[in-house]
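Structure first, commentary second.
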Amino acid sequence: MNAEADADALALARVKDADRKHVFHSWSAQELIDPLAVAGAQGSYFWDYQGNRYLDFSSALVYTNIGYQHPKVTAAIQEQAAALCTVAPGFAVDVRSEAARLIAERTPGDLDKIFFTNAGAEAVENAVRMARLHTGRPKVLSAYRSYHGATSTAINLTGDARRFGNDSATAGVVHFWGPFAYRSPFYAASEAEECERALRHLEDTIVFEGPQSVAAIILETVGGAPGVLVHPDGYLPGVRALCDRYGIVFILDEIMVGFGRTGRWFASEHWDVTPDLLCFAKGVTSGYVPLGGVAISAAIAETFARRPYPGGLTYSGHVLACAAAVATIGVMEEEGVVEQSARTGEELLGPGLRALAARHPSVGEVRGLGTFWALELVRDRETREPLVPYNASGADNAPMAEFGAALKKGGLWPLLAGNRIHVAPPCNIAPEDVAKGLAILDEALSVADAHMA
């Protein structure tokens, strides 16, 4: 073993030892996990201390929209740190003002005021608070197939299984079924019928909950964690119309899909819909420094023009994070990253994933936009039985665990959720890396095929 290898082995041992002793990891039974120790990253790749390189088809947690270590963003953070590392949120600061201006220019409609948070869950918390104060109503409606974050209100709004261990049933949240034609809760025979029945169900929910008690409806513009659920045409405009009819605030959660992920600055552009509040995070800085926020409509901003907003954060609009946002948006503009994401989806990922589905019977459905896709894996295409049960763990989840292990062995880092693989590489991934990732996925899907009924 040479000196460099010895140094890497020692570094690996130190990192793993300190992690095991002191780091408490999210969503995990601490003694049952063995986190990979990452030594570095660049572009669409990261690597460990043993020289293994992984093509990241997860964009970390769907946030490295411009890849790892973009030199213009890292330089902007360094320059800001040298000039002014931090200042309290009550001051006007050039970089904070510029970040807000750049974000407001790209949000739809009149969402021109930006409340900064540290991350997406805090954005959801504050959007809901704004909606309740604006309307004077207590209830918020959200979809069962959803994820909105892990803080108190956000986790209660969440519909997926991560809610179960945290749900107090006292948060004023009412869940409803959104459209999902592949596993339709409405027995629909077409996308149009699914849309129409889902909107009728939502209106019935509003009516039976009492419209005068409903402050807001929150939806992911494209359902992220639940499986890259692209709403049928007409659904989001229909929800907008219901909100207008009943005086309800419409909140769109763009935390995962904003800033180029679906081939638009914001996914709502696909359907020409403007919410009253829009939550963002993740891609706004490509995750280099944590930042989130709420883009606020003129009507809701006016509510707090002379009435104090009873909320705030010590690090709201942190200047290092805002410098990262300004630089990230600049890179996306200069390098055409949003347009590249759209082309990658239309010309490479979409056709490539559909070709895999044609070769592998375990792929039940392919869906997505831009650089945000999912493969729904099944045991039987006719019955659409999922490859693993809902919220599976242990032996029940073995087929997905084996599939994931095959992907990592091939050099691709996946984002697996339930019976799905989510395909979310950086928005500026090179075409040759898309081809490489699809080839690794092609080989690994044979493992999933072997588990079919």
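Each chain in the structure tokens gets a letter, A, B, ..., in the order shown, and its residues are numbered from 1; ligands are numbered from 1 in order too.
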May I have all residues of region 114-295 of chain A that DSSP, computed from the backbone, assigns to strand (DSSP E), given as a short mmCIF file (atom, residue, chain, number, x, y, z; two decimals) with C-alpha atoms, in the first residue's frame?
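The result, stored in selection_11.cif:
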data_model
loop_
_atom_site.label_atom_id
_atom_site.label_comp_id
_atom_site.auth_asym_id
_atom_site.auth_seq_id
_atom_site.Cartn_x
_atom_site.Cartn_y
_atom_site.Cartn_z
CA ILE A 114 -39.52 36.91 -0.64
CA PHE A 115 -39.41 35.66 2.95
CA PHE A 116 -36.16 33.75 3.43
CA THR A 117 -35.85 30.59 5.51
CA LYS A 139 -57.55 24.12 8.42
CA VAL A 140 -55.08 23.19 5.69
CA LEU A 141 -55.74 20.52 3.05
CA SER A 142 -52.92 18.41 1.62
CA ALA A 143 -52.64 15.26 -0.46
CA VAL A 173 -54.62 19.13 8.60
CA VAL A 174 -57.09 17.30 6.36
CA HIS A 175 -55.72 14.90 3.73
CA PHE A 176 -57.32 14.16 0.38
CA VAL A 214 -60.19 26.09 5.23
CA ALA A 215 -57.23 28.47 5.11
CA ALA A 216 -55.14 26.79 2.41
CA ILE A 217 -54.60 23.93 0.03
CA ILE A 218 -50.95 22.91 -0.34
CA LEU A 219 -49.72 20.78 -3.22
CA GLU A 220 -46.38 19.78 -4.64
CA VAL A 222 -44.96 17.78 -9.23
CA GLY A 223 -45.12 15.21 -6.46
CA LEU A 229 -46.28 12.46 -9.86
CA VAL A 230 -46.98 14.75 -12.79
CA VAL A 249 -55.02 30.36 -0.21
CA PHE A 250 -53.28 28.17 -2.81
CA ILE A 251 -49.76 27.11 -1.76
CA LEU A 252 -47.45 25.37 -4.21
CA ASP A 253 -44.50 23.44 -2.80
CA LEU A 277 -47.63 31.41 -1.92
CA LEU A 278 -44.74 29.45 -3.42
CA CYS A 279 -42.26 27.52 -1.29
CA PHE A 280 -38.71 27.00 -2.57
CA GLY A 292 -35.25 28.31 1.41
CA GLY A 293 -38.09 30.74 1.28
CA VAL A 294 -41.64 31.74 0.48
CA ALA A 295 -42.56 33.88 -2.51
#
### Message
Can you pull out every residue from region 13-95 of chain A that DSSP, working from the backbone, puts in alpha helix (DSSP H), and format the result as a ChimeraX atom specification?
### Response
/A:13-22,59-62,71-83,94-95
Write the residues of the preceding selection, restricted to N, CA and C atoms, as a tab-separated table (two decimals), in the first residue's frame.
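Result went into again.tsv, see below:
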chain	number	residue	atom	x	y	z
A	13	ALA	N	-10.90	5.79	8.33
A	13	ALA	CA	-11.12	5.27	9.68
A	13	ALA	C	-11.53	6.38	10.64
A	14	ARG	N	-10.90	7.56	10.52
A	14	ARG	CA	-11.24	8.68	11.41
A	14	ARG	C	-12.68	9.15	11.18
A	15	VAL	N	-13.03	9.30	9.89
A	15	VAL	CA	-14.38	9.78	9.55
A	15	VAL	C	-15.44	8.80	10.03
A	16	LYS	N	-15.22	7.52	9.78
A	16	LYS	CA	-16.22	6.51	10.15
A	16	LYS	C	-16.34	6.41	11.67
A	17	ASP	N	-15.22	6.50	12.36
A	17	ASP	CA	-15.24	6.38	13.82
A	17	ASP	C	-16.00	7.56	14.44
A	18	ALA	N	-15.70	8.77	13.98
A	18	ALA	CA	-16.38	9.96	14.52
A	18	ALA	C	-17.86	9.95	14.17
A	19	ASP	N	-18.17	9.49	12.96
A	19	ASP	CA	-19.58	9.41	12.56
A	19	ASP	C	-20.34	8.46	13.46
A	20	ARG	N	-19.76	7.29	13.69
A	20	ARG	CA	-20.43	6.29	14.51
A	20	ARG	C	-20.63	6.77	15.95
A	21	LYS	N	-19.65	7.51	16.47
A	21	LYS	CA	-19.72	7.94	17.86
A	21	LYS	C	-20.62	9.15	18.08
A	22	HIS	N	-20.69	10.05	17.09
A	22	HIS	CA	-21.26	11.36	17.39
A	22	HIS	C	-22.39	11.84	16.47
A	59	SER	N	-28.78	13.59	-7.35
A	59	SER	CA	-28.47	15.00	-7.05
A	59	SER	C	-28.48	15.25	-5.54
A	60	ALA	N	-27.77	14.38	-4.82
A	60	ALA	CA	-27.75	14.39	-3.35
A	60	ALA	C	-29.16	14.05	-2.86
A	61	LEU	N	-29.95	15.02	-2.46
A	61	LEU	CA	-31.38	14.79	-2.21
A	61	LEU	C	-32.18	15.71	-3.13
A	62	VAL	N	-31.91	15.57	-4.41
A	62	VAL	CA	-32.55	16.37	-5.47
A	62	VAL	C	-32.31	17.85	-5.22
A	71	PRO	N	-17.28	26.05	-9.96
A	71	PRO	CA	-16.27	27.03	-9.51
A	71	PRO	C	-16.82	28.45	-9.32
A	72	LYS	N	-17.80	28.85	-10.10
A	72	LYS	CA	-18.33	30.21	-9.95
A	72	LYS	C	-19.11	30.37	-8.65
A	73	VAL	N	-19.77	29.31	-8.21
A	73	VAL	CA	-20.54	29.40	-6.97
A	73	VAL	C	-19.62	29.29	-5.76
A	74	THR	N	-18.67	28.37	-5.81
A	74	THR	CA	-17.74	28.27	-4.68
A	74	THR	C	-16.93	29.56	-4.54
A	75	ALA	N	-16.56	30.18	-5.65
A	75	ALA	CA	-15.82	31.45	-5.59
A	75	ALA	C	-16.69	32.56	-5.00
A	76	ALA	N	-17.98	32.58	-5.36
A	76	ALA	CA	-18.88	33.61	-4.83
A	76	ALA	C	-19.04	33.47	-3.32
A	77	ILE	N	-19.11	32.24	-2.83
A	77	ILE	CA	-19.22	32.01	-1.39
A	77	ILE	C	-17.94	32.49	-0.68
A	78	GLN	N	-16.79	32.16	-1.26
A	78	GLN	CA	-15.52	32.58	-0.68
A	78	GLN	C	-15.39	34.10	-0.66
A	79	GLU	N	-15.78	34.74	-1.74
A	79	GLU	CA	-15.70	36.21	-1.81
A	79	GLU	C	-16.63	36.86	-0.79
A	80	GLN	N	-17.83	36.31	-0.65
A	80	GLN	CA	-18.76	36.86	0.33
A	80	GLN	C	-18.25	36.67	1.75
A	81	ALA	N	-17.66	35.50	2.02
A	81	ALA	CA	-17.12	35.24	3.35
A	81	ALA	C	-16.01	36.23	3.69
A	82	ALA	N	-15.21	36.59	2.70
A	82	ALA	CA	-14.13	37.55	2.94
A	82	ALA	C	-14.66	38.96	3.17
A	83	ALA	N	-15.79	39.28	2.55
A	83	ALA	CA	-16.34	40.64	2.65
A	83	ALA	C	-17.26	40.82	3.86
A	94	ASP	N	-26.86	44.16	0.44
A	94	ASP	CA	-26.86	44.10	-1.02
A	94	ASP	C	-27.13	42.69	-1.55
A	95	VAL	N	-26.45	41.69	-1.04
A	95	VAL	CA	-26.57	40.35	-1.61
A	95	VAL	C	-27.92	39.73	-1.29
### Query
Quick one: residues within 12 Å of Glu193 (chain A), only C-alpha atoms counted, chain neighbours fewer than 2 positions away excluded, as number ranges by chain?
A: 179-181, 184-191, 195-200, 232-235
### Task
Please indicate the distance in Å from CA of Glu269 (chain A) to CA of Leu291 (chain A), rounded to one decimal place.
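Taking CA of Glu269 (chain A) as the start and CA of Leu291 (chain A) as the end point, the length is 22.1 Å.
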### Task
One decimal, Å: what's the distance from CA of Val331 (chain A) over to CA of Ala100 (chain A), could you say?
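For CA of Val331 (chain A) relative to CA of Ala100 (chain A), the distance reads 16.4 Å.
Take the candidates A:Ile206, A:Val239, A:Ile296, A:Val124 and check each one against Ala104 (chain A) using only C-alpha atoms; the shortest distance goes to A:Ile296.
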### Query
Looking at A:Glu334, A:Glu339, A:Asp449, A:Glu31, which one is nearest to Leu387 (chain A), with distances taken over only C-alpha atoms?
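Counting only C-alpha atoms, the residue closest to Leu387 (chain A) is A:Asp449.
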### Message
Using only C-alpha atoms, can you tell me which of A:Ile300, A:Met452, A:Arg261, A:Gln340 comes closest to Lys113 (chain A)?
### Response
A:Ile300
### Selected residue, from A:Ala3, A:Leu313, A:Leu356, A:Cys243, that lies nearest to Ala119 (chain A) when counting only C-alpha atoms
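Answer, going by the shortest atom-to-atom distance: A:Leu313.
CA of Asp244 (chain A) to CA of Glu302 (chain A) spans 17.7 Å [interatomic distance, one decimal].
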#### Entry: Selected residue of minimal separation from Met130 (chain A) among A:Pro386, A:Gly437, A:Pro310, A:Pro431, counting only C-alpha atoms
A:Pro310
### Message
What's around Tyr390 (chain A) at 9 Å? Count only C-alpha atoms, leave out sequence neighbours fewer than 3 positions away in its own chain, and write the answer as JSON, numbers by chain.
### Response
{"A": [161, 386, 418, 419]}
### Query
Of the residues A:Ser362, A:Gln69, A:Asn397, A:Ser316, which is the one nearest to Ser44 (chain A), using only C-alpha atoms?
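Among the listed residues, the smallest separation from Ser44 (chain A) belongs to A:Gln69.
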